[in-house]
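Notes follow once the structure below has been shown.
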Amino acid sequence: MASVWNESLLRMIGRWGLALAMLLVLFVFSAAPLEIARLGEIRPVFMLMAVYYWTILRPALLPAPAVFAIGLVLDLLSAAPFGMNALILVLAQWLIRSQRKFLLGQSFLMIWAGFAAIATGAGLMQWGLFVMFNLTLFSAKPMLVSVVISTLLFPLFVWPLSAVHKALMTHSSPTS
Amino acid sequence: MTVGMAPALFGRALPAILMMLAVTLMALHRMNSLPVERLRVALMDTITPVLTVISAPFISFVDSIDSVTTMRSLKAENIQLQEENIRLQQWYEAALKLQAENQSFRELLNVKADPTLNFVTARVISDSGGAFVKSALLPIGIADKVQKGNAVMSGHGLVGRVTEVGQRSSRVLLITDLNSRIPVIIQNTRTKAILAGKNQDLLRLERLPTDSGITTGARIVTSGDGGQLPADLPIGTIVSSGADGVWVKPLSDINRLTYVQVVNADLDQALSDGEITPPPPSEHGNKNKL
């Protein structure tokens, strides 16, 4: 009994630890001054990856207020209009959650396509809000570049994690 | 409150409530509401130390990769540096001579000394050179005598100025930001102009007199006009001038900032004192060495 309990506890720690570690890594990528040229321009979308991934697989991990808080922190760090990323992330999560049942059963390619759609929407919304906030017609090009790059990076961040996640899932229920 | 029903209903409406809250915050930020400003600064103060701790291992990881890659080019760099050192040695001698000469002229003319410059060095903790805003966050604030409006330099030249200050954190608006306007002077002709950020790597010189003889390669320094920034801080060099304007390349790599110095010039004090006498010699000497 004790060993079973230990095992499930370990698994739980593993899963939550993994989720939190991924959040942390993506957060650092979206905030810390890593000396990677032009990282800043693609930053905001890193947290969108985390929100997308965990809202599909483990929605309990990222409740809406947490997403809202992450957005506010991003706004502060990037000097964006206060509340902009919070609005975009909460709206994105709400949309993802409404499509969750559909996305859960899909192939990785479809999930990737879903992310591309969400990232494009978020990018356009960000651009629109910046234009409204500053009353200046910014070029939308950097935003489009950022959407393309982060979409290409999506498998790089998510594939290994989904593999580990699947391994943990199968390990946790050997009978099924 | 009815338990059971309320949380479910609340849970469903929660995203909508949060989105409305976000829109309200944005509107208040747009209107420069003071409470929201205070909230932002307070949050900035809270986040800054946390972020410093979290990002430390990642930064050292990236740094170590960087040191491995630079190791390979070490030999070539060494030769180049030795040559440069010989050249700079000659410049150093020249600078010493000029400094002494300058000092004696100043004494002869009884010139009011330039305000003392104090430097505080910090590592950038978040350089969100985002697609639409160019800014950086520093882990120093009022406690370190950072003030709103202070100039921020990297090793080579001006990179921005402080726009928000908290107790232990401050925000820098980079010179590449669309909202950045710096009063400058073209060093060789002493022509005054405004250096405007354009959300790209190059900056544009605006408000230039029509007959200003622009030459590419000319150095751009701060003019000190407006009393916000000290005069003669280097910023960049003119790289092109044509129908689309005069463009300036910053001396520092604004996209890859690591350590920066906040320059506190005590300008306000100098203005309000209006005294001819320079500051006490002991303090003066110490600060100049920094």
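Chain identifiers are assigned as A, B, and so on, following the order in which chains appear in the structure tokens; residues are numbered from 1 within each chain, and ligands are numbered from 1 in order of appearance.
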Exercise for the section: Can you pull out every residue within 9 Å of Leu233 of chain B, counting only C-alpha atoms, but drop anything in the same chain fewer than 3 positions away, and send it as number ranges by chain? Expected result: B: 151, 153, 157-158, 220-224, 229-230
Just-selected residues, N, CA and C atoms written as a PDB file, in the first residue's frame:
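Generated file (again_4.pdb):
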```pdb
ATOM      1  N   ALA B 151      19.731  59.674 -17.343  1.00  0.00           N
ATOM      2  CA  ALA B 151      20.242  59.052 -18.562  1.00  0.00           C
ATOM      3  C   ALA B 151      20.715  57.640 -18.247  1.00  0.00           C
ATOM      4  N   MET B 153      23.252  54.682 -19.758  1.00  0.00           N
ATOM      5  CA  MET B 153      24.303  54.412 -20.732  1.00  0.00           C
ATOM      6  C   MET B 153      24.668  52.926 -20.688  1.00  0.00           C
ATOM      7  N   GLY B 157      27.562  54.133 -25.239  1.00  0.00           N
ATOM      8  CA  GLY B 157      26.804  55.362 -25.424  1.00  0.00           C
ATOM      9  C   GLY B 157      25.452  55.312 -24.744  1.00  0.00           C
ATOM     10  N   LEU B 158      24.698  56.393 -24.932  1.00  0.00           N
ATOM     11  CA  LEU B 158      23.371  56.502 -24.329  1.00  0.00           C
ATOM     12  C   LEU B 158      22.433  55.439 -24.900  1.00  0.00           C
ATOM     13  N   ILE B 220      27.000  61.981 -32.884  1.00  0.00           N
ATOM     14  CA  ILE B 220      25.847  62.649 -32.288  1.00  0.00           C
ATOM     15  C   ILE B 220      25.974  62.528 -30.770  1.00  0.00           C
ATOM     16  N   VAL B 221      25.888  63.653 -30.069  1.00  0.00           N
ATOM     17  CA  VAL B 221      25.931  63.616 -28.604  1.00  0.00           C
ATOM     18  C   VAL B 221      24.730  64.379 -28.050  1.00  0.00           C
ATOM     19  N   THR B 222      24.436  64.156 -26.771  1.00  0.00           N
ATOM     20  CA  THR B 222      23.314  64.886 -26.170  1.00  0.00           C
ATOM     21  C   THR B 222      23.682  66.361 -26.083  1.00  0.00           C
ATOM     22  N   SER B 223      22.672  67.236 -26.213  1.00  0.00           N
ATOM     23  CA  SER B 223      22.961  68.661 -26.161  1.00  0.00           C
ATOM     24  C   SER B 223      22.787  69.204 -24.747  1.00  0.00           C
ATOM     25  N   GLY B 224      22.045  68.451 -23.927  1.00  0.00           N
ATOM     26  CA  GLY B 224      21.792  68.936 -22.573  1.00  0.00           C
ATOM     27  C   GLY B 224      20.641  69.925 -22.526  1.00  0.00           C
ATOM     28  N   LEU B 229      18.903  65.686 -19.502  1.00  0.00           N
ATOM     29  CA  LEU B 229      20.078  64.839 -19.662  1.00  0.00           C
ATOM     30  C   LEU B 229      21.323  65.715 -19.612  1.00  0.00           C
ATOM     31  N   PRO B 230      22.424  65.177 -19.083  1.00  0.00           N
ATOM     32  CA  PRO B 230      23.672  65.935 -19.121  1.00  0.00           C
ATOM     33  C   PRO B 230      24.127  66.112 -20.576  1.00  0.00           C
TER      34      PRO B 230
END
```
Closest-contact table, chain B side, partner chain A, 8 Å, counting only C-alpha atoms, as a tab-separated table:
```
residue	atom	partner	partner_atom	distance
B:Leu14	CA	A:Ala64	CA	7.2
B:Pro15	CA	A:Ala64	CA	6.1
B:Leu18	CA	A:Phe68	CA	7.0
B:Met19	CA	A:Leu87	CA	5.2
B:Leu21	CA	A:Gly83	CA	8.0
B:Ala22	CA	A:Gly83	CA	4.5
B:Val23	CA	A:Gly83	CA	6.5
B:Leu25	CA	A:Gly83	CA	5.6
B:Met26	CA	A:Phe82	CA	5.2
B:His29	CA	A:Phe82	CA	6.2
B:Arg30	CA	A:Phe133	CA	6.7
B:Arg40	CA	A:Leu76	CA	6.9
B:Leu43	CA	A:Leu76	CA	7.9
B:Met44	CA	A:Leu76	CA	6.6
B:Ile47	CA	A:Val73	CA	7.7
B:Leu51	CA	A:Ala32	CA	7.5
B:Ile54	CA	A:Val28	CA	7.5
B:Ser55	CA	A:Ala32	CA	5.9
B:Phe58	CA	A:Leu34	CA	7.7
B:Ile59	CA	A:Leu34	CA	6.0
B:Val62	CA	A:Leu34	CA	6.8
B:Val124	CA	A:Pro33	CA	6.6
B:Ile125	CA	A:Pro33	CA	5.8
B:Ser126	CA	A:Ala32	CA	4.9
B:Asp127	CA	A:Pro33	CA	5.3
B:Ser128	CA	A:Ser78	CA	4.8
B:Gly129	CA	A:Gly40	CA	4.7
B:Gly130	CA	A:Glu41	CA	4.4
B:Ala131	CA	A:Glu41	CA	4.7
B:Phe132	CA	A:Phe130	CA	7.3
B:Val133	CA	A:Ala79	CA	6.7
B:Lys134	CA	A:Ser78	CA	8.0
B:Ser135	CA	A:Ala79	CA	6.6
B:Ala136	CA	A:Ser78	CA	7.6
B:Leu137	CA	A:Leu77	CA	6.8
B:Asn255	CA	A:Ala37	CA	6.2
B:Arg256	CA	A:Glu35	CA	5.8
B:Leu257	CA	A:Pro33	CA	7.6
B:Thr258	CA	A:Pro33	CA	7.2
```
Practice task
Could you give me, as an NGL selection string, the residues within 10 Å of Tyr52 of chain A, counting only C-alpha atoms and dropping anything in the same chain fewer than 2 positions from it?
Solution key: :A and (46-50 or 54-57 or 59 or 89 or 92-93 or 95-97 or 100 or 111 or 114-115 or 118-119)
Handout entry: Atom-to-atom span, atom CA of His156 of chain B and atom CA of Leu138 of chain B, Å
Key = 18.2 Å
Exercise for the section: as number ranges by chain, list the residues of segment 35-163 of chain A assigned to helix (DSSP H, G or I) by DSSP on the backbone atoms of this structure. Expected result: A: 39-42, 44-57, 59-61, 64-78, 84-98, 100-104, 108-134, 141-163
Handout entry: Selection: 12 Å around Gly242 of chain B, only C-alpha atoms, excl. self and same-chain fewer than 5 positions, as a ChimeraX atom specification
Key = /B:204-205,214-216,247
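Considering the residues A:Gln99, A:Arg58, A:Leu135, A:Ser150 and counting only C-alpha atoms, Thr120 of chain A has its shortest atom-to-atom contact with A:Ser150.
Of all the residues in segment 224-270 of chain B, the ones DSSP labels as strand (DSSP E) from the backbone are B:Pro234, B:Ile235, B:Gly236, B:Thr237, B:Ile238, B:Val239, B:Ser240, B:Ser241, B:Gly242, B:Gly245, B:Val246, B:Trp247, B:Val248, B:Lys249, B:Pro250, B:Tyr259, B:Val260, B:Gln261, B:Val262, B:Val263, B:Asn264.
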Dump of C-alpha atoms for the selected residues, as a PDB file, in the first residue's frame:
```
ATOM      1  CA  PRO B 234      27.739  60.062 -26.890  1.00  0.00           C
ATOM      2  CA  ILE B 235      24.811  58.398 -28.687  1.00  0.00           C
ATOM      3  CA  GLY B 236      25.771  57.352 -32.201  1.00  0.00           C
ATOM      4  CA  THR B 237      27.040  58.254 -35.633  1.00  0.00           C
ATOM      5  CA  ILE B 238      25.266  59.373 -38.801  1.00  0.00           C
ATOM      6  CA  VAL B 239      25.130  56.476 -41.250  1.00  0.00           C
ATOM      7  CA  SER B 240      23.029  57.869 -44.062  1.00  0.00           C
ATOM      8  CA  SER B 241      21.341  61.035 -45.164  1.00  0.00           C
ATOM      9  CA  GLY B 242      18.950  61.273 -48.048  1.00  0.00           C
ATOM     10  CA  GLY B 245      15.906  61.705 -43.618  1.00  0.00           C
ATOM     11  CA  VAL B 246      19.146  61.543 -41.687  1.00  0.00           C
ATOM     12  CA  TRP B 247      19.688  58.231 -39.914  1.00  0.00           C
ATOM     13  CA  VAL B 248      21.829  57.558 -36.883  1.00  0.00           C
ATOM     14  CA  LYS B 249      23.245  54.236 -35.744  1.00  0.00           C
ATOM     15  CA  PRO B 250      23.525  53.964 -31.946  1.00  0.00           C
ATOM     16  CA  TYR B 259      24.932  45.920 -17.936  1.00  0.00           C
ATOM     17  CA  VAL B 260      23.957  49.569 -18.002  1.00  0.00           C
ATOM     18  CA  GLN B 261      24.883  52.639 -15.974  1.00  0.00           C
ATOM     19  CA  VAL B 262      22.277  55.055 -14.751  1.00  0.00           C
ATOM     20  CA  VAL B 263      23.762  58.534 -14.831  1.00  0.00           C
ATOM     21  CA  ASN B 264      22.523  60.797 -12.112  1.00  0.00           C
TER      22      ASN B 264
END
```
